[in-house]
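Structure data (mmCIF, C-alpha atoms) from model-v6.cif:
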data_my_file
loop_
_atom_site.group_PDB
_atom_site.id
_atom_site.type_symbol
_atom_site.label_atom_id
_atom_site.label_comp_id
_atom_site.auth_asym_id
_atom_site.auth_seq_id
_atom_site.Cartn_x
_atom_site.Cartn_y
_atom_site.Cartn_z
ATOM 1 C CA MET A 4 -51.859 137.576 9.283
ATOM 2 C CA TRP A 5 -49.633 137.106 6.253
ATOM 3 C CA LEU A 6 -46.626 139.166 7.397
ATOM 4 C CA ARG A 7 -44.103 136.564 8.546
ATOM 5 C CA TYR A 8 -40.903 138.587 8.147
ATOM 6 C CA GLY A 9 -39.523 141.625 9.905
ATOM 7 C CA VAL A 10 -36.177 143.406 9.409
ATOM 8 C CA ASP A 11 -33.459 143.967 11.993
ATOM 9 C CA VAL A 12 -31.098 146.940 12.369
ATOM 10 C CA ASN A 13 -28.991 145.594 9.492
ATOM 11 C CA ASN A 14 -32.057 145.414 7.223
ATOM 12 C CA THR A 15 -31.848 141.606 7.286
ATOM 13 C CA LEU A 16 -35.078 139.644 7.016
ATOM 14 C CA VAL A 17 -36.013 137.704 10.163
ATOM 15 C CA VAL A 18 -38.730 135.042 9.976
ATOM 16 C CA ILE A 19 -41.405 134.795 12.696
ATOM 17 C CA GLU A 20 -40.175 131.324 13.778
ATOM 18 C CA ASP A 21 -36.853 132.863 14.846
ATOM 19 C CA THR A 22 -38.412 135.399 17.215
ATOM 20 C CA ARG A 23 -39.993 135.258 20.647
ATOM 21 C CA SER A 24 -43.627 136.116 21.151
ATOM 22 C CA GLY A 25 -44.381 139.729 22.051
ATOM 23 C CA LYS A 26 -42.755 143.069 21.277
ATOM 24 C CA THR A 27 -39.631 142.903 19.109
ATOM 25 C CA ASN A 28 -36.857 145.180 17.922
ATOM 26 C CA LEU A 29 -37.758 144.344 14.346
ATOM 27 C CA GLY A 30 -39.270 146.735 11.856
ATOM 28 C CA CYS A 31 -41.882 146.323 9.145
ATOM 29 C CA PRO A 32 -40.124 145.619 5.812
ATOM 30 C CA TYR A 33 -42.458 148.142 4.154
ATOM 31 C CA CYS A 34 -42.734 151.082 6.549
ATOM 32 C CA GLY A 35 -40.111 150.432 9.242
ATOM 33 C CA SER A 36 -42.559 150.579 12.177
ATOM 34 C CA ARG A 37 -41.919 148.322 15.178
ATOM 35 C CA LEU A 38 -43.496 144.865 15.101
ATOM 36 C CA ILE A 39 -45.088 142.504 17.615
ATOM 37 C CA ALA A 40 -44.674 138.736 17.159
ATOM 38 C CA LYS A 41 -48.059 137.022 17.451
ATOM 39 C CA LYS A 42 -47.392 133.364 18.263
ATOM 40 C CA GLY A 43 -50.547 131.898 19.738
ATOM 41 C CA ARG A 44 -51.913 128.350 19.434
ATOM 42 C CA VAL A 45 -54.928 129.110 17.257
ATOM 43 C CA LYS A 46 -53.982 131.557 14.516
ATOM 44 C CA GLN A 47 -50.979 131.249 12.241
ATOM 45 C CA HIS A 48 -47.873 132.916 13.666
ATOM 46 C CA HIS A 49 -47.364 136.380 12.200
ATOM 47 C CA PHE A 50 -46.116 139.899 12.850
ATOM 48 C CA ALA A 51 -48.410 142.792 13.708
ATOM 49 C CA HIS A 52 -47.567 146.477 13.891
ATOM 50 C CA ASN A 53 -47.037 147.933 17.354
ATOM 51 C CA ASP A 54 -49.049 150.957 16.262
ATOM 52 C CA GLU A 55 -51.353 151.355 13.257
ATOM 53 C CA THR A 56 -50.811 148.796 10.501
ATOM 54 C CA CYS A 57 -49.398 150.378 7.356
ATOM 55 C CA ARG A 58 -51.509 150.359 4.192
ATOM 56 C CA MET A 59 -48.894 148.283 2.316
ATOM 57 C CA VAL A 60 -49.727 145.399 4.656
ATOM 58 C CA ILE A 61 -53.409 145.803 5.463
ATOM 59 C CA LYS A 62 -54.999 147.170 2.270
ATOM 60 C CA ARG A 63 -54.193 144.362 -0.129
ATOM 61 C CA GLU A 64 -56.188 141.748 -1.970
ATOM 62 C CA PRO A 65 -55.248 138.151 -1.059
ATOM 63 C CA HIS A 66 -54.022 137.289 -4.571
ATOM 64 C CA THR A 67 -51.571 140.246 -4.532
ATOM 65 C CA LEU A 68 -49.754 139.176 -1.355
ATOM 66 C CA PRO A 69 -46.140 137.966 -1.697
ATOM 67 C CA THR A 70 -47.024 134.525 -0.361
ATOM 68 C CA LEU A 71 -46.270 131.155 -1.944
ATOM 69 C CA PRO A 72 -49.251 129.718 -3.859
ATOM 70 C CA LEU A 73 -50.893 126.723 -2.175
ATOM 71 C CA TYR A 74 -48.515 126.777 0.764
ATOM 72 C CA ASP A 75 -50.180 128.320 3.809
ATOM 73 C CA SER A 76 -53.754 128.081 2.510
ATOM 74 C CA PHE A 77 -55.559 125.590 0.296
ATOM 75 C CA ASP A 78 -59.013 127.161 -0.060
ATOM 76 C CA ILE A 79 -58.064 128.854 -3.379
ATOM 77 C CA PHE A 80 -59.825 132.093 -2.330
ATOM 78 C CA LEU A 81 -63.167 130.341 -1.760
ATOM 79 C CA THR A 82 -65.606 131.610 0.841
ATOM 80 C CA GLY A 83 -66.666 129.325 3.668
ATOM 81 C CA LYS A 84 -69.948 128.590 1.913
ATOM 82 C CA GLU A 85 -68.229 127.822 -1.382
ATOM 83 C CA LEU A 86 -65.718 125.510 0.293
ATOM 84 C CA GLU A 87 -68.534 123.682 2.086
ATOM 85 C CA GLN A 88 -70.390 123.139 -1.201
ATOM 86 C CA LEU A 89 -67.212 121.971 -2.925
ATOM 87 C CA ASN A 90 -66.682 119.360 -0.201
ATOM 88 C CA LYS A 91 -70.273 118.146 -0.590
ATOM 89 C CA LEU A 92 -69.837 117.824 -4.343
ATOM 90 C CA TRP A 93 -66.607 115.882 -3.916
ATOM 91 C CA TYR A 94 -68.064 113.288 -1.563
ATOM 92 C CA ARG A 95 -71.206 112.936 -3.674
ATOM 93 C CA HIS A 96 -69.184 112.690 -6.886
ATOM 94 C CA LYS A 97 -66.722 110.231 -5.357
ATOM 95 C CA SER A 98 -69.464 107.996 -3.982
ATOM 96 C CA HIS A 99 -71.499 107.723 -7.189
ATOM 97 C CA ASN A 100 -68.580 108.008 -9.628
ATOM 98 C CA ASN A 101 -70.553 110.206 -11.995
ATOM 99 C CA GLY A 102 -70.426 113.772 -13.257
ATOM 100 C CA ILE A 103 -71.605 116.988 -11.634
ATOM 101 C CA HIS A 104 -74.619 118.797 -13.042
ATOM 102 C CA SER A 105 -74.117 122.481 -13.866
ATOM 103 C CA LEU A 106 -76.955 123.455 -11.475
ATOM 104 C CA GLU A 107 -74.871 122.191 -8.545
ATOM 105 C CA LEU A 108 -71.959 124.486 -9.331
ATOM 106 C CA MET A 109 -71.165 127.872 -7.845
ATOM 107 C CA PRO A 110 -69.587 130.476 -10.186
ATOM 108 C CA ALA A 111 -66.291 130.334 -8.287
ATOM 109 C CA PHE A 112 -65.799 126.671 -9.191
ATOM 110 C CA THR A 113 -65.494 127.359 -12.912
ATOM 111 C CA ARG A 114 -63.842 130.766 -12.424
ATOM 112 C CA GLU A 115 -61.003 129.208 -10.419
ATOM 113 C CA ASN A 116 -60.761 126.164 -12.724
ATOM 114 C CA LEU A 117 -61.764 123.749 -9.974
ATOM 115 C CA VAL A 118 -64.047 121.818 -12.340
ATOM 116 C CA ARG A 119 -64.126 121.245 -16.084
ATOM 117 C CA TYR A 120 -66.776 120.110 -18.544
ATOM 118 C CA ASN A 121 -66.582 116.592 -19.953
ATOM 119 C CA GLN A 122 -69.035 115.732 -22.716
ATOM 120 C CA HIS A 123 -68.526 112.009 -22.135
ATOM 121 C CA LEU A 124 -69.691 112.081 -18.501
ATOM 122 C CA ASN A 125 -73.256 111.525 -17.320
ATOM 123 C CA SER A 126 -74.720 113.499 -14.410
ATOM 124 C CA GLY A 127 -78.025 111.638 -14.456
ATOM 125 C CA GLY A 128 -79.730 114.302 -16.538
ATOM 126 C CA GLY A 129 -78.312 113.625 -19.978
ATOM 127 C CA SER A 130 -74.886 113.455 -21.562
ATOM 128 C CA GLY A 131 -72.144 115.841 -20.564
ATOM 129 C CA ALA A 132 -71.244 116.910 -17.045
ATOM 130 C CA TYR A 133 -68.520 118.534 -14.956
ATOM 131 C CA GLN A 134 -65.699 116.819 -13.101
ATOM 132 C CA PHE A 135 -63.041 117.911 -10.631
ATOM 133 C CA THR A 136 -59.702 119.137 -11.941
ATOM 134 C CA ASP A 137 -56.485 118.411 -10.059
ATOM 135 C CA LEU A 138 -56.617 121.978 -8.752
ATOM 136 C CA GLY A 139 -60.167 121.410 -7.532
ATOM 137 C CA LYS A 140 -59.090 118.364 -5.541
ATOM 138 C CA ILE A 141 -56.683 120.418 -3.428
ATOM 139 C CA PRO A 142 -59.274 122.307 -1.295
ATOM 140 C CA VAL A 143 -60.957 118.977 -0.437
ATOM 141 C CA GLY A 144 -57.585 117.335 0.334
ATOM 142 C CA ALA A 145 -58.053 114.671 -2.346
ATOM 143 C CA LEU A 146 -55.011 115.301 -4.530
ATOM 144 C CA SER A 147 -51.991 113.026 -4.090
ATOM 145 C CA LEU A 148 -48.733 114.568 -2.894
ATOM 146 C CA SER A 149 -47.066 113.800 -6.212
ATOM 147 C CA ARG A 150 -49.778 115.566 -8.212
ATOM 148 C CA PHE A 151 -49.783 118.407 -5.694
ATOM 149 C CA ASN A 152 -46.123 119.075 -6.487
ATOM 150 C CA PHE A 153 -46.933 118.979 -10.197
ATOM 151 C CA ILE A 154 -49.636 121.655 -9.752
ATOM 152 C CA GLN A 155 -47.941 123.873 -7.172
ATOM 153 C CA GLU A 156 -44.406 124.184 -8.528
ATOM 154 C CA PRO A 157 -45.298 126.012 -11.786
ATOM 155 C CA LEU A 158 -47.571 128.384 -9.833
ATOM 156 C CA ILE A 159 -44.700 129.267 -7.479
ATOM 157 C CA LEU A 160 -42.346 130.113 -10.342
ATOM 158 C CA GLN A 161 -45.095 131.921 -12.238
ATOM 159 C CA LYS A 162 -45.723 134.214 -9.280
ATOM 160 C CA LEU A 163 -41.992 134.863 -8.946
ATOM 161 C CA THR A 164 -41.955 136.009 -12.576
ATOM 162 C CA GLN A 165 -44.944 138.275 -11.923
ATOM 163 C CA LEU A 166 -43.260 139.893 -8.920
ATOM 164 C CA GLU A 167 -40.090 140.475 -10.915
ATOM 165 C CA ALA A 168 -42.070 142.026 -13.762
ATOM 166 C CA ALA A 169 -43.902 144.332 -11.338
ATOM 167 C CA VAL A 170 -40.637 146.202 -10.743
ATOM 168 C CA PHE A 171 -40.986 147.725 -14.231
ATOM 169 C CA SER A 172 -43.640 150.048 -15.653
ATOM 170 C CA ASN A 173 -45.688 149.354 -18.784
ATOM 171 C CA GLN A 174 -43.024 151.250 -20.725
ATOM 172 C CA GLY A 175 -40.315 148.891 -19.485
ATOM 173 C CA MET A 176 -38.779 151.477 -17.156
ATOM 174 C CA VAL A 177 -37.875 150.804 -13.530
ATOM 175 C CA LEU A 178 -40.623 152.172 -11.279
ATOM 176 C CA PRO A 179 -40.000 155.390 -9.357
ATOM 177 C CA GLU A 180 -39.904 155.492 -5.579
ATOM 178 C CA PRO A 181 -41.856 154.591 -3.473
ATOM 179 C CA GLU A 182 -43.465 152.055 -5.865
ATOM 180 C CA LEU A 183 -40.074 150.502 -6.547
ATOM 181 C CA SER A 184 -39.333 150.005 -2.852
ATOM 182 C CA PHE A 185 -42.740 148.388 -2.350
ATOM 183 C CA CYS A 186 -42.296 145.936 -5.261
ATOM 184 C CA LEU A 187 -38.730 145.074 -4.267
ATOM 185 C CA THR A 188 -39.877 144.311 -0.728
ATOM 186 C CA ASP A 189 -42.554 141.981 -2.098
ATOM 187 C CA LEU A 190 -39.936 140.259 -4.220
ATOM 188 C CA ARG A 191 -37.500 140.011 -1.345
ATOM 189 C CA ILE A 192 -40.050 138.434 1.023
ATOM 190 C CA TYR A 193 -41.230 136.021 -1.639
ATOM 191 C CA GLY A 194 -37.659 134.981 -2.439
ATOM 192 C CA ALA A 195 -36.955 134.348 1.256
ATOM 193 C CA GLN A 196 -39.989 132.080 1.554
ATOM 194 C CA LEU A 197 -39.073 130.165 -1.583
ATOM 195 C CA ARG A 198 -35.478 129.754 -0.458
ATOM 196 C CA LYS A 199 -36.652 128.431 2.894
ATOM 197 C CA ILE A 200 -38.742 125.595 1.448
ATOM 198 C CA LEU A 201 -36.017 124.695 -1.065
ATOM 199 C CA LEU A 202 -33.440 124.408 1.708
ATOM 200 C CA SER A 203 -35.737 122.222 3.822
ATOM 201 C CA THR A 204 -35.788 118.436 3.972
ATOM 202 C CA LEU A 205 -39.140 116.769 4.543
ATOM 203 C CA TYR A 206 -39.007 113.799 6.928
ATOM 204 C CA TYR A 207 -41.539 111.131 7.867
ATOM 205 C CA LEU A 208 -41.124 109.107 11.045
ATOM 206 C CA GLU A 209 -42.656 106.059 12.673
ATOM 207 C CA ILE A 210 -42.668 106.324 16.456
ATOM 208 C CA GLN A 211 -43.278 103.615 19.017
ATOM 209 C CA ALA A 212 -44.266 105.280 22.264
ATOM 210 C CA ASP A 213 -45.287 103.088 25.213
ATOM 211 C CA GLY A 214 -46.827 100.533 22.867
ATOM 212 C CA GLN A 215 -48.531 103.042 20.581
ATOM 213 C CA ILE A 216 -47.517 103.482 16.952
ATOM 214 C CA LEU A 217 -47.527 107.123 15.875
ATOM 215 C CA HIS A 218 -46.225 108.964 12.827
ATOM 216 C CA LYS A 219 -44.744 112.413 12.431
ATOM 217 C CA ILE A 220 -44.226 114.720 9.460
ATOM 218 C CA GLY A 221 -41.899 117.681 9.563
ATOM 219 C CA VAL A 222 -39.171 119.686 7.853
ATOM 220 C CA THR A 223 -35.659 120.592 8.900
ATOM 221 C CA THR A 224 -32.624 122.387 7.490
ATOM 222 C CA ARG A 225 -30.279 120.509 9.825
ATOM 223 C CA LEU A 226 -29.067 116.926 10.013
ATOM 224 C CA ILE A 227 -32.018 114.595 10.550
ATOM 225 C CA SER A 228 -30.153 112.994 13.485
ATOM 226 C CA LYS A 229 -30.177 116.296 15.357
ATOM 227 C CA ARG A 230 -33.886 116.769 14.717
ATOM 228 C CA ILE A 231 -34.652 113.235 15.933
ATOM 229 C CA ALA A 232 -32.743 113.912 19.156
ATOM 230 C CA GLU A 233 -35.007 116.912 19.774
ATOM 231 C CA ILE A 234 -38.120 114.854 19.034
ATOM 232 C CA GLN A 235 -36.942 112.158 21.459
ATOM 233 C CA ARG A 236 -36.535 114.795 24.162
ATOM 234 C CA ASP A 237 -39.993 116.285 23.496
ATOM 235 C CA LEU A 238 -41.751 112.910 23.564
ATOM 236 C CA ARG A 239 -40.103 111.693 26.747
ATOM 237 C CA VAL A 240 -42.083 114.322 28.603
ATOM 238 C CA HIS A 241 -45.198 112.320 27.672
ATOM 239 C CA PHE A 242 -43.934 108.740 27.266
ATOM 240 C CA GLN A 243 -41.480 106.489 29.091
ATOM 241 C CA LYS A 244 -40.237 104.489 26.111
ATOM 242 C CA VAL A 245 -39.744 106.102 22.709
ATOM 243 C CA ALA A 246 -38.253 104.498 19.590
ATOM 244 C CA ILE A 247 -38.057 106.439 16.314
ATOM 245 C CA LYS A 248 -37.641 105.021 12.819
ATOM 246 C CA VAL A 249 -37.062 107.199 9.761
ATOM 247 C CA LEU A 250 -39.429 106.050 7.008
ATOM 248 C CA GLY A 251 -38.232 108.561 4.452
ATOM 249 C CA THR A 252 -36.599 111.905 3.770
ATOM 250 C CA TRP A 253 -37.093 114.165 0.755
ATOM 251 C CA THR A 254 -34.655 116.992 0.172
ATOM 252 C CA GLU A 255 -35.898 120.378 -1.068
ATOM 253 C CA ARG A 256 -39.507 119.367 -0.376
ATOM 254 C CA GLY A 257 -40.444 121.857 2.320
ATOM 255 C CA ASN A 258 -43.435 122.825 0.178
ATOM 256 C CA VAL A 259 -45.274 119.570 0.974
ATOM 257 C CA GLU A 260 -45.446 119.594 4.776
ATOM 258 C CA LYS A 261 -48.474 121.844 5.233
ATOM 259 C CA TYR A 262 -50.493 120.189 2.480
ATOM 260 C CA PHE A 263 -49.752 116.808 4.075
ATOM 261 C CA LYS A 264 -51.208 118.081 7.357
ATOM 262 C CA TYR A 265 -54.237 119.433 5.507
ATOM 263 C CA ARG A 266 -54.783 116.249 3.485
ATOM 264 C CA TYR A 267 -54.487 113.951 6.494
ATOM 265 C CA SER A 268 -55.975 116.221 9.159
ATOM 266 C CA ASP A 269 -58.507 113.517 10.156
ATOM 267 C CA PHE A 270 -55.606 111.464 11.522
ATOM 268 C CA ASN A 271 -53.950 114.306 13.435
ATOM 269 C CA TYR A 272 -53.048 113.252 16.980
ATOM 270 C CA PRO A 273 -51.913 116.156 19.179
ATOM 271 C CA ILE A 274 -49.706 115.276 22.150
ATOM 272 C CA GLY A 275 -49.960 118.165 24.560
ATOM 273 C CA SER A 276 -48.637 121.169 22.641
ATOM 274 C CA LEU A 277 -47.062 118.904 19.987
ATOM 275 C CA THR A 278 -49.300 119.014 16.939
ATOM 276 C CA GLU A 279 -47.439 117.381 14.048
ATOM 277 C CA TYR A 280 -48.234 113.791 14.996
ATOM 278 C CA PHE A 281 -50.627 111.343 13.360
ATOM 279 C CA ARG A 282 -52.267 108.107 14.483
ATOM 280 C CA PHE A 283 -53.602 105.552 12.014
ATOM 281 C CA VAL A 284 -55.820 102.971 13.700
ATOM 282 C CA ASN A 285 -56.166 101.029 10.455
ATOM 283 C CA PRO A 286 -52.776 99.721 9.209
ATOM 284 C CA GLU A 287 -54.018 100.101 5.623
ATOM 285 C CA ASP A 288 -54.347 103.853 6.171
ATOM 286 C CA ALA A 289 -50.757 104.005 7.392
ATOM 287 C CA GLN A 290 -49.557 102.113 4.318
ATOM 288 C CA ALA A 291 -51.576 104.354 1.971
ATOM 289 C CA VAL A 292 -49.999 107.473 3.477
ATOM 290 C CA LYS A 293 -46.536 105.977 3.180
ATOM 291 C CA ARG A 294 -47.152 105.150 -0.494
ATOM 292 C CA ASP A 295 -48.425 108.682 -1.094
ATOM 293 C CA LEU A 296 -45.110 110.056 0.147
ATOM 294 C CA GLN A 297 -42.943 107.497 -1.607
ATOM 295 C CA GLN A 298 -44.553 108.191 -4.976
ATOM 296 C CA MET A 299 -43.140 111.724 -4.952
ATOM 297 C CA LYS A 300 -40.352 112.108 -7.483
ATOM 298 C CA PRO A 301 -37.011 113.577 -6.323
ATOM 299 C CA LYS A 302 -36.944 117.336 -6.615
ATOM 300 C CA VAL A 303 -34.865 118.668 -9.503
ATOM 301 C CA LEU A 304 -34.046 122.346 -9.088
ATOM 302 C CA SER A 305 -34.610 124.578 -12.075
ATOM 303 C CA GLN A 306 -31.997 127.208 -12.889
ATOM 304 C CA VAL A 307 -34.129 129.880 -11.225
ATOM 305 C CA GLU A 308 -34.496 127.742 -8.095
ATOM 306 C CA GLN A 309 -30.728 127.197 -8.019
ATOM 307 C CA TYR A 310 -30.297 130.989 -8.024
ATOM 308 C CA ILE A 311 -32.791 131.255 -5.175
ATOM 309 C CA VAL A 312 -30.961 128.645 -3.101
ATOM 310 C CA CYS A 313 -27.709 130.554 -3.632
ATOM 311 C CA ASP A 314 -29.565 133.748 -2.668
ATOM 312 C CA SER A 315 -28.767 135.266 -6.066
ATOM 313 C CA LEU A 316 -32.189 136.899 -6.172
ATOM 314 C CA SER A 317 -31.036 139.382 -3.553
ATOM 315 C CA VAL A 318 -27.826 140.094 -5.419
ATOM 316 C CA ASN A 319 -29.515 140.490 -8.813
ATOM 317 C CA HIS A 320 -31.918 143.087 -7.489
ATOM 318 C CA GLY A 321 -29.548 144.911 -5.183
ATOM 319 C CA ILE A 322 -31.347 143.715 -2.076
ATOM 320 C CA ASN A 323 -29.594 142.992 1.187
ATOM 321 C CA PRO A 324 -29.600 139.194 1.819
#
Could you rewrite the structure in this file as structure tokens?
Amino acid sequence: MWLRYGVDVNNTLVVIEDTRSGKTNLGCPYCGSRLIAKKGRVKQHHFAHNDETCRMVIKREPHTLPTLPLYDSFDIFLTGKELEQLNKLWYRHKSHNNGIHSLELMPAFTRENLVRYNQHLNSGGGSGAYQFTDLGKIPVGALSLSRFNFIQEPLILQKLTQLEAAVFSNQGMVLPEPELSFCLTDLRIYGAQLRKILLSTLYYLEIQADGQILHKIGVTTRLISKRIAEIQRDLRVHFQKVAIKVLGTWTERGNVEKYFKYRYSDFNYPIGSLTEYFRFVNPEDAQAVKRDLQQMKPKVLSQVEQYIVCDSLSVNHGINP
């Protein structure tokens, strides 16, 4: 379900959001086979092959996929059982404000650097215990948005470097075909995803709808006024009176939207098919969420990110934009 880009007749990448559900005229970026756009309400929107899925798409380990780290998924490659245990440890640790005993840990927690040993903590069985790292707080939705940016951004650029390096062999030579084509396609897809989030503005809205106070998170690459006009039109199908107030916008912060939804999923308030709305019964919760967003520092693009925004990655590697 990770393939979110197809290619048109001009070999231009087309993202799943810009296609209609069903059979398309797009081809797989790896093998060229025709694609079907899967855009249901349960699973993440993605492309599937019209015929047999090519091995470049299906036979890959999750960590090798050209997807942005901590963007679509926040389980950090944990199994369902491991994620359940991690959540239990978090709530127990948070409630008692003490360390975690080594017997409570699964191997994945230390392997993925989700916990670290602290000799000054007490787990109730002597000195020394484990505590959650910032990375470990992400799967349980406990890390602030500001700290999330601090953790995610280096991982995104690190993976970009890895994909660029994969184009060359151990001897420093450019790979032969078809390995080169495969690696360049990975790099091209990754660059497109990165460019998309860097060109996006995150917005946070307060909405008064027939006496209810709702909030909405989202991203847009257009003027916020145009996006608000669309939101007004969507909500008037469900409410008679709608008033929208912009609480904040953050340019080049498209990376945060999905983690926000994950972190505050308990407050999600679907309105028909509209799913990006939130309802905070307790005003203190609403204020805490607002502070979480406002504490994010303005995004400062690195030189590499500036190249990505200008689509220089495609030019540097001889890839069609």
Choose the residue, out of A:Gln297, A:Gly9, A:Asn285, A:Pro273, that has the smallest atom-to-atom separation from Tyr206 in chain A; count all atoms listed in the file.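 Using all atoms listed in the file, Tyr206 in chain A sits closest to A:Gln297.
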If we count all atoms listed in the file and set the cut-off at 12 Å, which residues sit around Ile231 in chain A, ignoring sequence neighbours fewer than 6 positions away in its own chain? Please answer as a list in words. Tyr206, Tyr207, Leu208, Glu209, Ile210, Lys219, Ile220, Gly221, Val222, Thr223, Arg225, Asp237, Leu238, Val245, Ala246, Ile247, Lys248 and Val249 of chain A
Any idea what's packed within 7 Å of range 156-167 of chain A, counting all atoms listed in the file, ignoring anything in its chain fewer than 2 positions away? Could you give it as a ChimeraX atom specification? /A:71-72,152-154,169-170,190
Residue with smallest distance to Ala51 in chain A - pool A:Ser203, A:Thr113, A:Thr27, A:Thr224, counting all atoms listed in the file: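 Looking at the shortest contact to Ala51 in chain A, the residue is A:Thr27.
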Please compute the CA of Ile200 in chain A-CA of Leu187 in chain A distance, one decimal, in Å.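 So the two atoms, CA of Ile200 in chain A and CA of Leu187 in chain A, lie 20.3 Å apart.
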Identify, on the basis of all atoms listed in the file, every residue whose closest approach to Trp5 in chain A does not exceed 10 Å; exclude the query and any residue fewer than 5 positions from it along the same chain; express the result as a count of residues only. 12
Please report the interatomic distance between CA of Asn125 in chain A and CA of Ile141 in chain A in Å with one decimal.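 About the pair CA of Asn125 in chain A and CA of Ile141 in chain A: they are 23.4 Å apart.
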Range 212-226 of chain A, all listed atoms, 6 Å padding on each side: what axis-aligned box centre and edge lengths in Å to one decimal come out, as JSON?
{"center_x": -38.8, "center_y": 111.5, "center_z": 16.4, "size_x": 31.5, "size_y": 33.9, "size_z": 29.7}
Quick check on the file I pasted: which residues fall under the PyMOL selection byres ((chain A and resi 289) around 12)? Write them as JSON, numbers by chain. {"A": [207, 208, 209, 216, 217, 218, 219, 250, 267, 270, 281, 282, 283, 284, 285, 286, 287, 288, 290, 291, 292, 293, 294, 295, 296]}
Filtering to C-alpha atoms, could you give me those residues as a PDB file, keeping the file's coordinate frame?
ATOM      1  CA  TYR A 207     -41.539 111.131   7.867  1.00  0.00           C
ATOM      2  CA  LEU A 208     -41.124 109.107  11.045  1.00  0.00           C
ATOM      3  CA  GLU A 209     -42.656 106.059  12.673  1.00  0.00           C
ATOM      4  CA  ILE A 216     -47.517 103.482  16.952  1.00  0.00           C
ATOM      5  CA  LEU A 217     -47.527 107.123  15.875  1.00  0.00           C
ATOM      6  CA  HIS A 218     -46.225 108.964  12.827  1.00  0.00           C
ATOM      7  CA  LYS A 219     -44.744 112.413  12.431  1.00  0.00           C
ATOM      8  CA  LEU A 250     -39.429 106.050   7.008  1.00  0.00           C
ATOM      9  CA  TYR A 267     -54.487 113.951   6.494  1.00  0.00           C
ATOM     10  CA  PHE A 270     -55.606 111.464  11.522  1.00  0.00           C
ATOM     11  CA  PHE A 281     -50.627 111.343  13.360  1.00  0.00           C
ATOM     12  CA  ARG A 282     -52.267 108.107  14.483  1.00  0.00           C
ATOM     13  CA  PHE A 283     -53.602 105.552  12.014  1.00  0.00           C
ATOM     14  CA  VAL A 284     -55.820 102.971  13.700  1.00  0.00           C
ATOM     15  CA  ASN A 285     -56.166 101.029  10.455  1.00  0.00           C
ATOM     16  CA  PRO A 286     -52.776  99.721   9.209  1.00  0.00           C
ATOM     17  CA  GLU A 287     -54.018 100.101   5.623  1.00  0.00           C
ATOM     18  CA  ASP A 288     -54.347 103.853   6.171  1.00  0.00           C
ATOM     19  CA  GLN A 290     -49.557 102.113   4.318  1.00  0.00           C
ATOM     20  CA  ALA A 291     -51.576 104.354   1.971  1.00  0.00           C
ATOM     21  CA  VAL A 292     -49.999 107.473   3.477  1.00  0.00           C
ATOM     22  CA  LYS A 293     -46.536 105.977   3.180  1.00  0.00           C
ATOM     23  CA  ARG A 294     -47.152 105.150  -0.494  1.00  0.00           C
ATOM     24  CA  ASP A 295     -48.425 108.682  -1.094  1.00  0.00           C
ATOM     25  CA  LEU A 296     -45.110 110.056   0.147  1.00  0.00           C
TER      26      LEU A 296
END
May I ask for the distance between CA of Glu85 in chain A and CA of Pro142 in chain A, given in Å to one decimal place?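 Between CA of Glu85 in chain A and CA of Pro142 in chain A the gap works out to 10.5 Å.
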Kindly resolve the PyMOL selection byres ((chain A and resi 119) around 10) on the present coordinates and return the residues as a list in words.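 Taken on the displayed file, the PyMOL selection byres ((chain A and resi 119) around 10) yields the residues Ile103, Phe112, Thr113, Asn116, Leu117, Val118, Tyr120, Asn121, Gln122, Ala132, Tyr133, Gln134, Phe135, Thr136 and Gly139 of chain A.
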Selected residue of minimal separation from Ile234 in chain A among A:Tyr193, A:Tyr8, A:Tyr280, A:Phe185, counting only C-alpha atoms: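 Nearest candidate to Ile234 in chain A out of A:Tyr193, A:Tyr8, A:Tyr280, A:Phe185: A:Tyr280.
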Please evaluate the PyMOL selection byres ((chain A and resi 53) around 6) against the structure above and give the resulting residues as a VMD selection string. chain A and resid 37 to 39 52 54
Contacts of Leu205 in chain A within 9 Å, all atoms listed in the file, excl. fewer than 3 positions in-chain, as a PDB file with C-alpha atoms, keeping the file's coordinate frame:
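Result file part.pdb:
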ATOM      1  CA  ILE A 220     -44.226 114.720   9.460  1.00  0.00           C
ATOM      2  CA  GLY A 221     -41.899 117.681   9.563  1.00  0.00           C
ATOM      3  CA  VAL A 222     -39.171 119.686   7.853  1.00  0.00           C
ATOM      4  CA  THR A 223     -35.659 120.592   8.900  1.00  0.00           C
ATOM      5  CA  GLY A 251     -38.232 108.561   4.452  1.00  0.00           C
ATOM      6  CA  THR A 252     -36.599 111.905   3.770  1.00  0.00           C
ATOM      7  CA  TRP A 253     -37.093 114.165   0.755  1.00  0.00           C
ATOM      8  CA  THR A 254     -34.655 116.992   0.172  1.00  0.00           C
ATOM      9  CA  GLU A 255     -35.898 120.378  -1.068  1.00  0.00           C
ATOM     10  CA  ARG A 256     -39.507 119.367  -0.376  1.00  0.00           C
ATOM     11  CA  GLY A 257     -40.444 121.857   2.320  1.00  0.00           C
ATOM     12  CA  ASN A 258     -43.435 122.825   0.178  1.00  0.00           C
ATOM     13  CA  VAL A 259     -45.274 119.570   0.974  1.00  0.00           C
ATOM     14  CA  GLU A 260     -45.446 119.594   4.776  1.00  0.00           C
TER      15      GLU A 260
END
Shortest interatomic distance to Thr278 in chain A - which of A:Val45, A:Gly102, A:Gly144, A:Glu180, counting all atoms listed in the file: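 Closest to Thr278 in chain A of all the choices is A:Val45.
For the residues A:Gly30, A:Gly275, A:Gly194, A:Gly214, ranking by smallest atom-to-atom distance to Gln309 in chain A using only C-alpha atoms places A:Gly194 first.
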Which residue out of A:Gln174, A:Lys91, A:Ser276, A:Leu304 has the minimum interatomic distance to Gly43 in chain A when all atoms listed in the file are used?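 Among the listed residues, the smallest separation from Gly43 in chain A belongs to A:Ser276.
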